[in-house]
>>> print(open('input-v9.tsv').read())   # TSV, C-alpha atoms
chain	number	residue	atom	x	y	z
A	31	MET	CA	0.00	0.00	0.00
A	32	ALA	CA	2.80	2.43	0.92
A	33	THR	CA	4.60	1.77	-2.37
A	34	SER	CA	1.41	2.35	-4.34
A	35	LEU	CA	0.78	5.63	-2.51
A	36	PHE	CA	4.33	6.79	-3.23
A	37	GLN	CA	3.98	5.98	-6.94
A	38	SER	CA	0.82	8.13	-7.05
A	39	ILE	CA	2.27	11.03	-5.05
A	40	PHE	CA	1.83	13.43	-7.99
A	41	HIS	CA	-1.69	12.10	-8.72
A	42	PRO	CA	-3.89	13.04	-5.72
A	43	SER	CA	-7.05	11.50	-7.20
A	44	GLU	CA	-5.26	8.13	-7.29
A	45	ILE	CA	-4.32	8.42	-3.60
A	46	VAL	CA	-7.98	9.04	-2.75
A	47	ALA	CA	-8.97	6.02	-4.87
A	48	LEU	CA	-6.39	3.78	-3.15
A	49	ILE	CA	-7.73	4.70	0.29
A	50	GLN	CA	-11.35	4.22	-0.79
A	51	TYR	CA	-10.55	0.86	-2.37
A	52	LYS	CA	-8.73	-0.39	0.75
A	53	PHE	CA	-11.81	0.21	2.90
A	54	LEU	CA	-14.23	-1.15	0.30
A	55	LYS	CA	-12.25	-4.42	0.02
A	56	SER	CA	-11.56	-4.90	3.72
A	57	SER	CA	-14.13	-7.73	4.07
A	58	PRO	CA	-14.41	-11.01	2.09
A	59	ILE	CA	-16.29	-10.70	-1.19
A	60	HIS	CA	-18.31	-13.84	-0.53
A	61	VAL	CA	-18.09	-16.69	1.97
A	62	ILE	CA	-18.07	-20.39	1.02
A	63	PRO	CA	-19.28	-22.88	3.67
A	64	PRO	CA	-16.27	-24.80	5.10
A	65	GLU	CA	-17.73	-28.20	4.15
A	66	GLN	CA	-17.49	-27.28	0.42
A	67	LYS	CA	-13.79	-28.11	0.29
A	68	ALA	CA	-13.56	-28.59	-3.49
A	69	LYS	CA	-15.15	-25.20	-4.15
A	70	ILE	CA	-12.87	-23.50	-1.61
A	71	ARG	CA	-9.85	-25.07	-3.32
A	72	CYS	CA	-11.08	-23.89	-6.74
A	73	TYR	CA	-11.27	-20.30	-5.55
A	74	GLU	CA	-7.81	-20.67	-4.01
A	75	PHE	CA	-6.54	-21.75	-7.43
A	76	LEU	CA	-8.37	-18.84	-9.03
A	77	ASN	CA	-6.54	-16.39	-6.77
A	78	LYS	CA	-3.20	-18.09	-7.41
A	79	THR	CA	-3.45	-18.35	-11.19
A	80	SER	CA	-5.12	-15.08	-12.18
A	81	ARG	CA	-3.38	-11.72	-12.00
A	82	SER	CA	-6.38	-9.71	-13.08
A	83	PHE	CA	-9.59	-11.74	-13.19
A	84	ALA	CA	-9.83	-13.26	-9.69
A	85	ALA	CA	-11.33	-10.19	-7.99
A	86	VAL	CA	-13.83	-9.37	-10.74
A	87	ILE	CA	-14.99	-12.99	-10.97
A	88	GLN	CA	-15.65	-13.09	-7.24
A	89	GLU	CA	-17.77	-9.94	-7.48
A	90	LEU	CA	-20.17	-11.51	-9.97
A	91	ASP	CA	-23.72	-12.31	-8.89
A	92	ASP	CA	-24.41	-15.72	-7.32
A	93	GLU	CA	-26.18	-17.05	-10.43
A	94	ILE	CA	-23.04	-16.85	-12.56
A	95	ARG	CA	-19.98	-16.62	-10.26
A	96	ASP	CA	-19.16	-20.32	-9.86
A	97	ALA	CA	-19.70	-21.06	-13.55
A	98	VAL	CA	-17.26	-18.32	-14.60
A	99	CYS	CA	-14.72	-19.44	-11.98
A	100	ILE	CA	-14.79	-23.03	-13.25
A	101	PHE	CA	-14.77	-21.84	-16.88
A	102	TYR	CA	-11.59	-19.87	-16.12
A	103	LEU	CA	-9.91	-22.82	-14.34
A	104	VAL	CA	-10.79	-25.30	-17.10
A	105	LEU	CA	-9.24	-23.01	-19.71
A	106	ARG	CA	-6.25	-22.30	-17.45
A	107	GLY	CA	-5.68	-26.06	-17.18
A	108	LEU	CA	-5.83	-26.34	-20.97
A	109	ASP	CA	-3.43	-23.41	-21.33
A	110	THR	CA	-1.00	-24.95	-18.82
A	111	ILE	CA	-0.70	-28.04	-21.02
A	112	GLU	CA	-0.33	-25.98	-24.20
A	113	ASP	CA	2.33	-23.68	-22.71
A	114	ASP	CA	4.57	-26.47	-21.38
A	115	MET	CA	7.31	-27.07	-23.94
A	116	SER	CA	8.58	-30.07	-21.93
A	117	ILE	CA	5.54	-32.13	-22.96
A	118	PRO	CA	6.29	-33.88	-26.30
A	119	ILE	CA	3.83	-33.11	-29.09
A	120	GLU	CA	2.84	-36.79	-29.33
A	121	LYS	CA	1.43	-36.53	-25.80
A	122	LYS	CA	0.35	-32.90	-25.90
A	123	GLU	CA	-1.84	-33.08	-29.00
A	124	PRO	CA	-4.35	-35.70	-27.72
A	125	LEU	CA	-4.42	-34.02	-24.29
A	126	LEU	CA	-5.46	-30.74	-25.93
A	127	ARG	CA	-7.94	-32.24	-28.39
A	128	ASP	CA	-9.63	-34.43	-25.77
A	129	PHE	CA	-9.66	-31.95	-22.88
A	130	HIS	CA	-13.39	-31.18	-23.38
A	131	LYS	CA	-14.03	-34.87	-22.65
A	132	THR	CA	-11.48	-35.11	-19.84
A	133	ILE	CA	-13.40	-32.57	-17.73
A	134	TYR	CA	-16.21	-35.14	-17.39
A	135	LYS	CA	-13.85	-37.77	-15.90
A	136	LYS	CA	-14.20	-37.80	-12.11
A	137	GLY	CA	-10.87	-37.96	-10.31
A	138	TRP	CA	-8.71	-37.08	-13.34
A	139	THR	CA	-5.42	-35.34	-12.54
A	140	PHE	CA	-2.18	-34.66	-14.42
A	141	ASP	CA	1.30	-34.52	-12.88
A	142	GLU	CA	3.50	-34.58	-15.99
A	143	ASN	CA	4.08	-30.86	-16.36
A	144	GLY	CA	7.66	-29.69	-16.02
A	145	PRO	CA	8.72	-28.65	-12.48
A	146	ASP	CA	9.01	-25.00	-13.53
A	147	GLU	CA	5.52	-24.74	-15.02
A	148	LYS	CA	3.96	-22.10	-12.77
A	149	ASP	CA	0.41	-23.51	-12.72
A	150	ARG	CA	1.26	-27.22	-12.64
A	151	GLN	CA	-0.37	-27.66	-9.21
A	152	LEU	CA	-3.75	-26.80	-10.72
A	153	LEU	CA	-3.51	-29.91	-12.91
A	154	VAL	CA	-2.07	-32.00	-10.08
A	155	GLU	CA	-5.31	-31.31	-8.19
A	156	PHE	CA	-7.58	-30.94	-11.21
A	157	ASP	CA	-10.05	-33.42	-9.72
A	158	VAL	CA	-11.47	-30.61	-7.56
A	159	VAL	CA	-12.17	-28.53	-10.67
A	160	ILE	CA	-13.88	-31.49	-12.32
A	161	GLU	CA	-15.97	-32.09	-9.19
A	162	GLU	CA	-17.22	-28.49	-9.26
A	163	PHE	CA	-17.69	-28.57	-13.04
A	164	LEU	CA	-19.93	-31.63	-12.75
A	165	GLY	CA	-21.95	-29.82	-10.08
A	166	LEU	CA	-22.83	-26.94	-12.41
A	167	ARG	CA	-26.10	-26.70	-14.30
A	168	LYS	CA	-26.04	-28.80	-17.47
A	169	LYS	CA	-26.40	-25.70	-19.66
A	170	PHE	CA	-23.30	-24.19	-18.08
A	171	GLN	CA	-21.40	-27.47	-18.57
A	172	ASN	CA	-22.34	-27.52	-22.25
A	173	VAL	CA	-21.00	-24.00	-22.84
A	174	ILE	CA	-17.71	-24.71	-21.04
A	175	ALA	CA	-17.18	-28.04	-22.82
A	176	ASP	CA	-17.94	-26.50	-26.23
A	177	ILE	CA	-15.37	-23.72	-25.77
A	178	ALA	CA	-12.78	-26.17	-24.36
A	179	ASP	CA	-13.31	-28.33	-27.47
A	180	LYS	CA	-12.76	-25.44	-29.89
A	181	MET	CA	-9.87	-23.96	-27.94
A	182	GLY	CA	-8.13	-27.30	-27.42
A	183	ASN	CA	-8.27	-28.13	-31.11
A	184	GLY	CA	-7.06	-24.67	-32.07
A	185	MET	CA	-4.15	-24.94	-29.65
A	186	ALA	CA	-3.30	-28.41	-30.98
A	187	ASP	CA	-3.23	-27.09	-34.55
A	188	TYR	CA	-0.75	-24.38	-33.57
A	189	ALA	CA	1.34	-26.82	-31.50
A	190	LYS	CA	1.72	-29.02	-34.60
A	191	ASP	CA	2.50	-26.13	-36.95
A	192	ALA	CA	6.23	-26.28	-37.77
A	193	ALA	CA	6.34	-22.67	-39.05
A	194	TYR	CA	4.66	-21.38	-35.89
A	195	ASN	CA	7.05	-23.34	-33.68
A	196	LYS	CA	10.08	-21.99	-35.55
A	197	TYR	CA	9.08	-18.40	-36.34
A	198	GLY	CA	6.08	-17.66	-34.11
A	199	VAL	CA	2.93	-15.99	-35.44
A	200	MET	CA	3.45	-15.27	-39.14
A	201	THR	CA	0.76	-13.00	-40.64
A	202	ASN	CA	-1.79	-10.52	-39.30
A	203	LYS	CA	-4.48	-13.04	-40.23
A	204	ASP	CA	-2.67	-15.69	-38.17
A	205	PHE	CA	-2.42	-13.17	-35.32
A	206	ASP	CA	-6.19	-12.70	-35.28
A	207	LEU	CA	-6.76	-16.45	-35.46
A	208	TYR	CA	-4.32	-17.21	-32.65
A	209	CYS	CA	-5.91	-14.52	-30.46
A	210	HIS	CA	-9.33	-15.93	-31.33
A	211	TYR	CA	-8.37	-19.37	-30.05
A	212	VAL	CA	-6.79	-18.19	-26.81
A	213	ALA	CA	-9.02	-15.19	-25.98
A	214	GLY	CA	-11.81	-14.59	-28.50
A	215	LEU	CA	-13.37	-17.95	-27.67
A	216	VAL	CA	-13.29	-16.95	-24.00
A	217	GLY	CA	-15.37	-13.87	-24.86
A	218	ILE	CA	-17.83	-15.98	-26.85
A	219	GLY	CA	-18.12	-18.48	-24.02
A	220	LEU	CA	-18.67	-15.77	-21.42
A	221	SER	CA	-21.48	-14.22	-23.48
A	222	SER	CA	-23.15	-17.64	-23.63
A	223	LEU	CA	-22.75	-18.11	-19.86
A	224	PHE	CA	-24.20	-14.65	-19.19
A	225	SER	CA	-27.23	-15.42	-21.35
A	226	THR	CA	-27.65	-18.93	-19.95
A	227	SER	CA	-27.69	-17.54	-16.40
A	228	GLY	CA	-30.72	-15.40	-17.23
A	229	LEU	CA	-28.88	-12.27	-16.08
A	230	GLU	CA	-28.53	-11.10	-19.68
A	231	LYS	CA	-30.81	-11.36	-22.69
A	232	PRO	CA	-30.56	-14.47	-24.91
A	233	GLU	CA	-29.52	-12.20	-27.79
A	234	LEU	CA	-26.15	-11.53	-26.13
A	235	ALA	CA	-25.04	-15.11	-26.84
A	236	LYS	CA	-25.54	-14.39	-30.54
A	237	GLU	CA	-23.09	-11.46	-30.50
A	238	THR	CA	-20.20	-13.77	-31.36
A	239	GLU	CA	-18.20	-11.24	-33.41
A	240	LEU	CA	-18.36	-8.53	-30.74
A	241	SER	CA	-17.56	-11.12	-28.05
A	242	ASN	CA	-14.57	-12.32	-30.08
A	243	LEU	CA	-13.24	-8.77	-30.51
A	244	MET	CA	-13.50	-8.15	-26.76
A	245	GLY	CA	-11.07	-11.03	-26.31
A	246	LEU	CA	-8.80	-9.92	-29.15
A	247	PHE	CA	-8.47	-6.43	-27.68
A	248	LEU	CA	-7.29	-7.81	-24.32
A	249	GLN	CA	-5.02	-10.48	-25.77
A	250	LYS	CA	-3.29	-8.18	-28.25
A	251	THR	CA	-2.66	-5.61	-25.52
A	252	ASN	CA	-1.09	-8.30	-23.33
A	253	ILE	CA	1.06	-9.57	-26.20
A	254	ILE	CA	2.37	-6.06	-26.91
A	255	ARG	CA	3.13	-5.43	-23.24
A	256	ASP	CA	4.79	-8.86	-22.79
A	257	TYR	CA	7.32	-8.46	-25.63
A	258	LEU	CA	10.34	-8.88	-23.34
A	259	GLU	CA	8.93	-11.66	-21.16
A	260	ASP	CA	7.99	-13.71	-24.22
A	261	LEU	CA	11.24	-13.03	-26.08
A	262	LEU	CA	13.34	-14.26	-23.15
A	263	VAL	CA	11.64	-17.67	-23.29
A	264	ASN	CA	11.67	-17.74	-27.11
A	265	ARG	CA	7.96	-17.13	-27.60
A	266	ARG	CA	7.13	-14.89	-30.57
A	267	PHE	CA	3.57	-13.64	-30.78
A	268	TRP	CA	4.18	-10.35	-32.59
A	269	PRO	CA	3.27	-11.13	-36.23
A	270	LYS	CA	6.29	-11.63	-38.48
A	271	GLU	CA	4.39	-9.72	-41.17
A	272	ILE	CA	4.64	-6.58	-38.99
A	273	TRP	CA	8.10	-6.69	-37.42
A	274	THR	CA	9.98	-7.76	-40.56
A	275	LYS	CA	9.09	-4.37	-42.05
A	276	TYR	CA	11.53	-2.88	-39.54
A	277	VAL	CA	14.16	-5.51	-38.58
A	278	ASP	CA	15.50	-8.92	-39.57
A	279	ASP	CA	15.02	-10.41	-36.11
A	280	LEU	CA	12.48	-9.56	-33.43
A	281	ALA	CA	15.26	-9.25	-30.84
A	282	ASP	CA	16.96	-6.48	-32.86
A	283	PHE	CA	14.60	-3.89	-31.36
A	284	ARG	CA	16.60	-4.10	-28.13
A	285	LYS	CA	19.88	-3.15	-29.79
A	286	PRO	CA	21.36	0.37	-29.76
A	287	GLY	CA	20.56	2.27	-32.93
A	288	TYR	CA	17.21	0.57	-33.48
A	289	GLU	CA	15.16	2.84	-31.21
A	290	LYS	CA	13.25	4.63	-34.01
A	291	LYS	CA	12.37	1.39	-35.78
A	292	ALA	CA	11.35	-0.16	-32.46
A	293	VAL	CA	8.98	2.69	-31.62
A	294	ASP	CA	7.51	2.67	-35.14
A	295	CYS	CA	6.87	-1.07	-34.96
A	296	LEU	CA	5.32	-0.61	-31.53
A	297	SER	CA	2.88	1.94	-32.96
A	298	THR	CA	1.94	-0.56	-35.71
A	299	MET	CA	1.20	-3.19	-33.08
A	300	ILE	CA	-0.83	-0.74	-31.00
A	301	LEU	CA	-2.79	0.33	-34.08
A	302	ASN	CA	-3.60	-3.34	-34.70
A	303	ALA	CA	-5.11	-3.63	-31.22
A	304	LEU	CA	-6.70	-0.17	-31.12
A	305	GLN	CA	-8.91	-0.94	-34.10
A	306	HIS	CA	-11.05	-3.17	-31.85
A	307	ALA	CA	-11.79	-0.51	-29.22
A	308	PRO	CA	-15.09	0.82	-30.71
A	309	GLU	CA	-16.54	-2.70	-30.91
A	310	CYS	CA	-15.61	-3.28	-27.25
A	311	LEU	CA	-17.67	-0.23	-26.26
A	312	THR	CA	-20.52	-1.41	-28.49
A	313	TYR	CA	-20.52	-4.78	-26.73
A	314	MET	CA	-20.45	-3.30	-23.24
A	315	ASN	CA	-23.32	-1.00	-24.17
A	316	LYS	CA	-25.47	-4.14	-24.47
A	317	ILE	CA	-24.76	-5.39	-20.92
A	318	GLN	CA	-27.61	-4.90	-18.43
A	319	ASN	CA	-26.49	-6.63	-15.23
A	320	LYS	CA	-24.31	-4.43	-13.00
A	321	SER	CA	-21.88	-7.13	-11.82
A	322	ILE	CA	-21.44	-8.50	-15.35
A	323	PHE	CA	-20.86	-4.98	-16.65
A	324	SER	CA	-18.06	-4.38	-14.12
A	325	PHE	CA	-16.60	-7.81	-14.90
A	326	CYS	CA	-16.42	-6.93	-18.60
A	327	ALA	CA	-15.46	-3.27	-18.24
A	328	ILE	CA	-12.56	-3.44	-15.78
A	329	PRO	CA	-10.18	-5.49	-17.98
A	330	GLN	CA	-11.14	-3.38	-21.01
A	331	VAL	CA	-10.33	-0.02	-19.39
A	332	MET	CA	-7.05	-1.51	-18.13
A	333	ALA	CA	-6.27	-2.47	-21.72
A	334	ILE	CA	-6.91	0.97	-23.22
A	335	ALA	CA	-4.93	2.58	-20.37
A	336	THR	CA	-2.08	0.15	-21.00
A	337	LEU	CA	-2.04	0.90	-24.73
A	338	ALA	CA	-1.80	4.61	-23.97
A	339	LEU	CA	1.15	3.94	-21.64
A	340	LEU	CA	2.89	1.67	-24.15
A	341	PHE	CA	2.49	4.05	-27.09
A	342	LYS	CA	5.84	5.67	-28.00
A	343	ASN	CA	7.37	3.98	-24.93
A	344	TYR	CA	10.71	2.37	-25.83
A	345	ASN	CA	10.93	0.91	-22.31
A	346	VAL	CA	8.67	-1.92	-23.54
A	347	TYR	CA	11.75	-3.52	-25.07
A	348	HIS	CA	13.82	-3.51	-21.88
A	349	SER	CA	11.43	-3.81	-18.93
A	350	VAL	CA	7.90	-4.68	-17.84
A	351	VAL	CA	5.73	-1.59	-18.33
A	352	LYS	CA	2.58	-1.46	-16.19
A	353	ILE	CA	0.12	1.22	-15.15
A	354	ARG	CA	0.37	2.44	-11.55
A	355	LYS	CA	-1.64	0.64	-8.87
A	356	GLY	CA	-3.30	3.95	-7.97
A	357	GLU	CA	-4.36	4.47	-11.58
A	358	THR	CA	-5.67	0.90	-11.70
A	359	VAL	CA	-7.78	1.37	-8.59
A	360	LYS	CA	-9.11	4.71	-9.83
A	361	LEU	CA	-10.24	3.02	-13.05
A	362	ILE	CA	-11.86	0.12	-11.18
A	363	LEU	CA	-13.91	2.52	-9.06
A	364	LYS	CA	-15.08	4.35	-12.18
A	365	CYS	CA	-16.37	1.25	-13.99
A	366	THR	CA	-19.97	1.78	-12.87
A	367	ASN	CA	-21.76	2.41	-16.17
A	368	ILE	CA	-21.20	2.63	-19.92
A	369	TYR	CA	-20.95	6.43	-19.91
A	370	GLU	CA	-18.06	6.41	-17.42
A	371	VAL	CA	-16.32	3.62	-19.35
A	372	ALA	CA	-16.78	5.43	-22.67
A	373	ASN	CA	-15.26	8.54	-21.10
A	374	ILE	CA	-12.26	6.50	-19.95
A	375	PHE	CA	-11.77	5.16	-23.49
A	376	ARG	CA	-12.03	8.70	-24.87
A	377	TYR	CA	-9.54	10.03	-22.33
A	378	TYR	CA	-6.87	7.46	-23.17
A	379	SER	CA	-7.46	7.75	-26.91
A	380	LYS	CA	-6.76	11.48	-26.49
A	381	VAL	CA	-3.57	10.62	-24.58
A	382	ILE	CA	-2.49	8.56	-27.58
A	383	ILE	CA	-3.39	11.40	-29.96
A	384	GLN	CA	-1.29	13.83	-27.89
A	385	LYS	CA	1.70	11.46	-28.13
A	386	ASN	CA	1.17	10.84	-31.84
A	387	ASP	CA	3.91	12.14	-34.12
A	388	SER	CA	3.57	13.20	-37.75
A	389	LYS	CA	6.84	11.34	-38.46
A	390	ASP	CA	5.23	8.08	-37.36
A	391	PRO	CA	4.39	5.92	-40.41
A	392	ASN	CA	1.00	5.20	-38.81
A	393	PHE	CA	0.26	8.80	-37.87
A	394	MET	CA	-2.97	9.17	-39.87
A	395	LYS	CA	-4.27	5.66	-39.18
A	396	ILE	CA	-3.74	6.07	-35.42
A	397	SER	CA	-5.49	9.46	-35.49
A	398	VAL	CA	-8.45	7.90	-37.32
A	399	ALA	CA	-8.61	4.92	-34.93
A	400	CYS	CA	-8.64	7.23	-31.90
A	401	GLY	CA	-11.18	9.46	-33.62
A	402	LYS	CA	-13.56	6.51	-33.99
A	403	VAL	CA	-13.40	5.96	-30.24
A	404	ASN	CA	-14.05	9.63	-29.49
A	405	LEU	CA	-16.96	9.88	-31.91
A	406	LEU	CA	-18.70	6.64	-30.97
A	407	HIS	CA	-22.26	7.40	-29.84
A	408	ILE	CA	-23.40	5.63	-26.66
A	409	ILE	CA	-27.16	5.31	-26.06
>>> encode(input="input-v9.tsv", output="structure tokens")
Amino acid sequence: MATSLFQSIFHPSEIVALIQYKFLKSSPIHVIPPEQKAKIRCYEFLNKTSRSFAAVIQELDDEIRDAVCIFYLVLRGLDTIEDDMSIPIEKKEPLLRDFHKTIYKKGWTFDENGPDEKDRQLLVEFDVVIEEFLGLRKKFQNVIADIADKMGNGMADYAKDAAYNKYGVMTNKDFDLYCHYVAGLVGIGLSSLFSTSGLEKPELAKETELSNLMGLFLQKTNIIRDYLEDLLVNRRFWPKEIWTKYVDDLADFRKPGYEKKAVDCLSTMILNALQHAPECLTYMNKIQNKSIFSFCAIPQVMAIATLALLFKNYNVYHSVVKIRKGETVKLILKCTNIYEVANIFRYYSKVIIQKNDSKDPNFMKISVACGKVNLLHII
């Protein structure tokens, strides 16, 4: 808390937000009866494995909270298998493709992840997730299994792709498809869960394109921010089609003398993500339930704030760039309705416009993309 306050010392409104948030969050969000050991363990895993979603999931209404928690853990389990390069493809592929069936197998666990895989314990105790999954309403189970099926097969296709394994994501089209499998499908599944719960209209489940773009916006922002972290473990998610316009190797951006090219490439990546912002606001404008709205809005405002911070910021190539805790809390407290969220999007799009430079090769396109956010009409 003291560190966060110090970081916000020149931003008084953030200090106020930090203090307000501390008192608002001083009591447990919801209490699980002690006899429900499997459910308690699932929420413990949620808090351990999620940097950003744990709190917002736990603030969802009772009708949907457990389903979203289990949905997240099922997909995290799938992702933990996909991420682990120590698992040979001969074993990994069937695990990924059959995972939507595995979640119906009582008592199933997996202890073959490498010792350094950060979420391996989730799979070691995955029987508790399966127990809670099987206790959900059948309609919720069907949504989760359907998304796990599509995601697992998409991940398996990429895991088998020799070009992807050697060079990373190749084209902008591949970039959209990869982000669809790992994040867009999450958005589609969440919309179906929201509708199935009865908290949102059935029509929301049909908004598959908007739901997909909500996921793409978050995933692309994370991929831009995580350039260094991914590069150090030889993961390459920035599309080769983009970065080869500037350098011969993705790692070249870190070298002295490449600063201008690095910043120009960064603006191209940010433009690629920014194009989805208007559709994110359009989707959130359709949400009626207050807890679901906050759940959707908080990650989205963090994403637009992060893009504004990353824009023209060469530090991306040498360190982890994150928005201040005070700024984060201030944004969380403001996510109460679509008008506040739209104002946040407009504010950060203006920050990007103020940083924009006529010498940037994407100058006009970035101005237009930000203009679309500013001019979007919210009813």
>>> closest_residue(input="input-v9.tsv", among="A:Ala85, A:Ile396, A:Ile317, A:Leu90", to="Leu301 of chain A", atoms="all atoms listed in the file")
A:Ile396
>>> closest_residue(input="input-v9.tsv", among="A:Lys78, A:Arg284, A:Lys135, A:Lys69", to="Tyr257 of chain A", atoms="only C-alpha atoms")
A:Arg284
>>> residues_around(input="input-v9.tsv", residues="Ala178 of chain A", least_positions_apart="6", cutoff="10 Å", atoms="all atoms listed in the file", output="NGL selection string")
:A and (101 or 104-105 or 108 or 126-131 or 133 or 172 or 184 or 211 or 215-216 or 219)
>>> residues_near_point(input="input-v9.tsv", point="(-19.0, -3.5, -15.6)", cutoff="10 Å", atoms="all atoms listed in the file", output="count of residues only")
25
>>> closest_residue(input="input-v9.tsv", among="A:Pro269, A:Pro145, A:Gly217, A:Gly137", to="Tyr197 of chain A", atoms="all atoms listed in the file")
A:Pro269
>>> residues_near_point(input="input-v9.tsv", point="(-19.1, -7.8, -28.1)", cutoff="6 Å", atoms="all atoms listed in the file", output="number ranges by chain")
A: 237, 240-241, 244, 310, 313
>>> residues_around(input="input-v9.tsv", residues="Gln66 of chain A", least_positions_apart="5", cutoff="12 Å", atoms="only C-alpha atoms", output="MDAnalysis selection string")
chainID A and resid 61 71:73 158 161:162 165
>>> write_last_selection(input="input-v9.tsv", atoms="C-alpha atoms", output="PDB file, in the frame of the given file")
ATOM      1  CA  VAL A  61     -18.090 -16.690   1.970  1.00  0.00           C
ATOM      2  CA  ARG A  71      -9.850 -25.070  -3.320  1.00  0.00           C
ATOM      3  CA  CYS A  72     -11.080 -23.890  -6.740  1.00  0.00           C
ATOM      4  CA  TYR A  73     -11.270 -20.300  -5.550  1.00  0.00           C
ATOM      5  CA  VAL A 158     -11.470 -30.610  -7.560  1.00  0.00           C
ATOM      6  CA  GLU A 161     -15.970 -32.090  -9.190  1.00  0.00           C
ATOM      7  CA  GLU A 162     -17.220 -28.490  -9.260  1.00  0.00           C
ATOM      8  CA  GLY A 165     -21.950 -29.820 -10.080  1.00  0.00           C
TER       9      GLY A 165
END
>>> decode(input="input-v9.tsv", residues="segment 307-331 of chain A", atoms="C-alpha atoms", output="PDB file, in the first residue's frame")
ATOM      1  CA  ALA A 307     -11.793  -0.509 -29.224  1.00  0.00           C
ATOM      2  CA  PRO A 308     -15.088   0.817 -30.709  1.00  0.00           C
ATOM      3  CA  GLU A 309     -16.541  -2.703 -30.906  1.00  0.00           C
ATOM      4  CA  CYS A 310     -15.612  -3.283 -27.252  1.00  0.00           C
ATOM      5  CA  LEU A 311     -17.670  -0.233 -26.256  1.00  0.00           C
ATOM      6  CA  THR A 312     -20.519  -1.409 -28.494  1.00  0.00           C
ATOM      7  CA  TYR A 313     -20.520  -4.784 -26.734  1.00  0.00           C
ATOM      8  CA  MET A 314     -20.448  -3.297 -23.236  1.00  0.00           C
ATOM      9  CA  ASN A 315     -23.319  -0.999 -24.175  1.00  0.00           C
ATOM     10  CA  LYS A 316     -25.465  -4.144 -24.474  1.00  0.00           C
ATOM     11  CA  ILE A 317     -24.760  -5.389 -20.924  1.00  0.00           C
ATOM     12  CA  GLN A 318     -27.613  -4.900 -18.430  1.00  0.00           C
ATOM     13  CA  ASN A 319     -26.488  -6.632 -15.226  1.00  0.00           C
ATOM     14  CA  LYS A 320     -24.314  -4.433 -13.004  1.00  0.00           C
ATOM     15  CA  SER A 321     -21.885  -7.132 -11.819  1.00  0.00           C
ATOM     16  CA  ILE A 322     -21.443  -8.503 -15.353  1.00  0.00           C
ATOM     17  CA  PHE A 323     -20.857  -4.984 -16.649  1.00  0.00           C
ATOM     18  CA  SER A 324     -18.063  -4.381 -14.123  1.00  0.00           C
ATOM     19  CA  PHE A 325     -16.596  -7.806 -14.896  1.00  0.00           C
ATOM     20  CA  CYS A 326     -16.421  -6.926 -18.603  1.00  0.00           C
ATOM     21  CA  ALA A 327     -15.457  -3.267 -18.244  1.00  0.00           C
ATOM     22  CA  ILE A 328     -12.560  -3.440 -15.776  1.00  0.00           C
ATOM     23  CA  PRO A 329     -10.184  -5.493 -17.979  1.00  0.00           C
ATOM     24  CA  GLN A 330     -11.136  -3.383 -21.005  1.00  0.00           C
ATOM     25  CA  VAL A 331     -10.325  -0.020 -19.388  1.00  0.00           C
TER      26      VAL A 331
END
